[in-house]
Amino acid sequence: MRGRRKPPVSPLPQRDGIDAVRVRLPEDPEGRWASVGEHLADRFGGAIGADRVAGMLDAGRFVGADGAAVRGSEPYAAGRYLWFHRDFAAEVPVPFPVGVVYRDERIVVADKPHFLATTPRGRHITETAVARLRRELDLPALQPAHRLDRLTAGLVLFVVRPQDRGAYQTLFRDRRVRKEYEAVAPYDPGVALPRTVRSRIVKDRGVLAAREEPGEANSESYVELVEHRGALGRYRLVPATGRTHQLRVHMNALGLPIVHDPLYPVVEPDEAAEDGDRPLQLLARVLEFTDPVGGEPRRFASALRLSAWPEG
């Protein structure tokens, strides 16, 4: 079976570091849509209202591959591509910079702050690490090779050139990147460390917290106490797998929940997860791998520090 042709390049530039939405008009064997406007009203009217769709067409916000505005009255043509920019809801700015640890012609290694999502999702669109870096570095093709949880700070690898993206993403998919994290959590001399924690972690869609359940282990983390001060300890965490919230789940299972974690051991109100004075004390400190394009060894270390463990 012949594959679908590669879509044409968007005629619209990014807005606030976000690509325009691409729409492909589907096949219509029943002849439901006589015009482009009828299809778009059916497709998007349930979400934003048919009048809003009509207003966007009248304002020339839908364009074709040539960049020209599309009229709602134009005949429907299956397979045609259209583009438009979404309206972004106002977002609360994350008042911390995205640091650049390293940059060359292939990659950018950034220090993502707490509370900043890596990629657009849900209500976080323009206030994301990738959108910010595209704007600040003037790199519109920049894409992350992996994701870091919004509440976790630290290193994220971004790829500059589209032709290199697959090679770097494959590194993470195949677990050929050594990741090292730092966490601040309670100190308990009764917990024997270092140790390797293995368990089965399950995360249900729509449920905030993951859980452990009996069965074959699908997650593995190495946990080591680096030092302690009074009731708190500083821990080095090295995950061998990448389940959702894995390190947070494993630390909680040891009776050492990470400081300011709004989900473990108890799911707290939404406000707790947004309290800028109480960031989750988890930091992606080290990324180490063999570069899949150049072949050279790479090792990067975060310049960030966890607020609950000031330098002494």
# chains A, B, ... in the order shown; residues from 1 in each chain; ligands from 1
$ select_by_dssp --residues "region 50-224 of chain A" --states "helix (DSSP H, G or I)" --output "ChimeraX atom specification"
/A:50-58,129-137,162-173
$ atom_distance --atom1 "CA of Ala129 (chain A)" --atom2 "CA of Pro113 (chain A)"
8.7 Å
$ atom_distance --atom1 "CA of Arg278 (chain A)" --atom2 "CA of Ala153 (chain A)"
12.7 Å
$ residues_around --residues "Ala78 (chain A)" --least-positions-apart "4" --cutoff "10 Å" --atoms "only C-alpha atoms" --output "VMD selection string"
chain A and resid 24 to 29 33 36
$ residues_around --residues "Glu227 (chain A)" --least-positions-apart "2" --cutoff "12 Å" --atoms "only C-alpha atoms" --output "number ranges by chain"
A: 182-189, 193-194, 224-225, 229-236, 309
$ residues_around --residues "region 198-206 of chain A" --least-positions-apart "6" --cutoff "6 Å" --atoms "only C-alpha atoms" --output "list in words"
Glu212, Glu213, Ala217, Asn218, Ser219 and Glu220 of chain A
$ write_last_selection --atoms "N, CA, C and O atoms" --output "PDB file, in the first residue's frame"
ATOM      1  N   GLU A 212       1.423   1.591  42.836  1.00  0.00           N
ATOM      2  CA  GLU A 212       2.101   0.302  42.717  1.00  0.00           C
ATOM      3  C   GLU A 212       1.079  -0.806  42.932  1.00  0.00           C
ATOM      4  O   GLU A 212       0.159  -0.669  43.749  1.00  0.00           O
ATOM      5  N   GLU A 213       1.247  -1.884  42.197  1.00  0.00           N
ATOM      6  CA  GLU A 213       0.359  -3.026  42.382  1.00  0.00           C
ATOM      7  C   GLU A 213       1.157  -4.316  42.204  1.00  0.00           C
ATOM      8  O   GLU A 213       2.257  -4.306  41.636  1.00  0.00           O
ATOM      9  N   ALA A 217       7.562  -6.566  37.804  1.00  0.00           N
ATOM     10  CA  ALA A 217       8.078  -5.193  37.888  1.00  0.00           C
ATOM     11  C   ALA A 217       8.248  -4.593  36.497  1.00  0.00           C
ATOM     12  O   ALA A 217       8.714  -5.252  35.570  1.00  0.00           O
ATOM     13  N   ASN A 218       7.839  -3.344  36.360  1.00  0.00           N
ATOM     14  CA  ASN A 218       8.064  -2.612  35.111  1.00  0.00           C
ATOM     15  C   ASN A 218       8.856  -1.333  35.342  1.00  0.00           C
ATOM     16  O   ASN A 218       8.947  -0.484  34.449  1.00  0.00           O
ATOM     17  N   SER A 219       9.402  -1.194  36.560  1.00  0.00           N
ATOM     18  CA  SER A 219      10.161   0.014  36.888  1.00  0.00           C
ATOM     19  C   SER A 219      11.325  -0.342  37.803  1.00  0.00           C
ATOM     20  O   SER A 219      11.246  -1.285  38.602  1.00  0.00           O
ATOM     21  N   GLU A 220      12.398   0.429  37.661  1.00  0.00           N
ATOM     22  CA  GLU A 220      13.586   0.179  38.480  1.00  0.00           C
ATOM     23  C   GLU A 220      14.312   1.492  38.747  1.00  0.00           C
ATOM     24  O   GLU A 220      14.565   2.276  37.821  1.00  0.00           O
TER      25      GLU A 220
END
$ closest_atom_pairs --of "region 191-278 of chain A" --to "region 94-108 of chain A" --cutoff "12 Å" --atoms "only C-alpha atoms" --output "Markdown table"
| residue | atom | partner | partner_atom | distance |
| --- | --- | --- | --- | --- |
| A:Glu274 | CA | A:Val94 | CA | 10.1 |
| A:Asp275 | CA | A:Val94 | CA | 11.2 |
| A:Gly276 | CA | A:Val94 | CA | 8.9 |
| A:Asp277 | CA | A:Pro95 | CA | 11.6 |
$ residues_around --residues "Gly60 (chain A)" --least-positions-apart "6" --cutoff "12 Å" --atoms "only C-alpha atoms" --output "list in words"
Val53, Ala54, Gly67, Ala68, Ala69, Val70, Arg71, Gly72, Leu82, Trp83, Phe84 and His85 of chain A
$ residues_around --residues "Val21 (chain A)" --least-positions-apart "4" --cutoff "12 Å" --atoms "only C-alpha atoms" --output "VMD selection string"
chain A and resid 9 to 15 61 to 64 81 to 87
$ closest_residue --among "A:Pro93, A:Pro8, A:Gly79, A:Gly154" --to "Leu304 (chain A)" --atoms "only C-alpha atoms"
A:Gly154
$ atom_distance --atom1 "CA of Arg134 (chain A)" --atom2 "CA of Phe158 (chain A)"
10.4 Å
$ closest_residue --among "A:Leu148, A:Met251, A:Ala89, A:Leu155" --to "Ile125 (chain A)" --atoms "only C-alpha atoms"
A:Ala89
$ select_by_dssp --residues "region 138-311 of chain A" --states "strand (DSSP E)" --output "JSON, numbers by chain"
{"A": [143, 144, 153, 154, 155, 156, 157, 158, 159, 178, 179, 180, 181, 182, 183, 184, 185, 186, 195, 196, 197, 198, 199, 200, 201, 202, 211, 212, 213, 219, 220, 221, 222, 223, 224, 225, 226, 227, 228, 229, 232, 233, 234, 235, 236, 237, 238, 239, 282, 283, 284, 285, 286, 287, 288, 289, 290, 297, 298, 299, 300, 301]}
$ closest_residue --among "A:Asp174, A:Lys179, A:Gly46, A:Tyr168" --to "Gly295 (chain A)" --atoms "only C-alpha atoms"
A:Tyr168
$ closest_residue --among "A:Leu171, A:Ala50, A:Val266, A:Leu280" --to "Phe115 (chain A)" --atoms "only C-alpha atoms"
A:Leu280
$ closest_residue --among "A:Ala303, A:Leu151, A:Val293, A:Ala77" --to "His114 (chain A)" --atoms "only C-alpha atoms"
A:Leu151
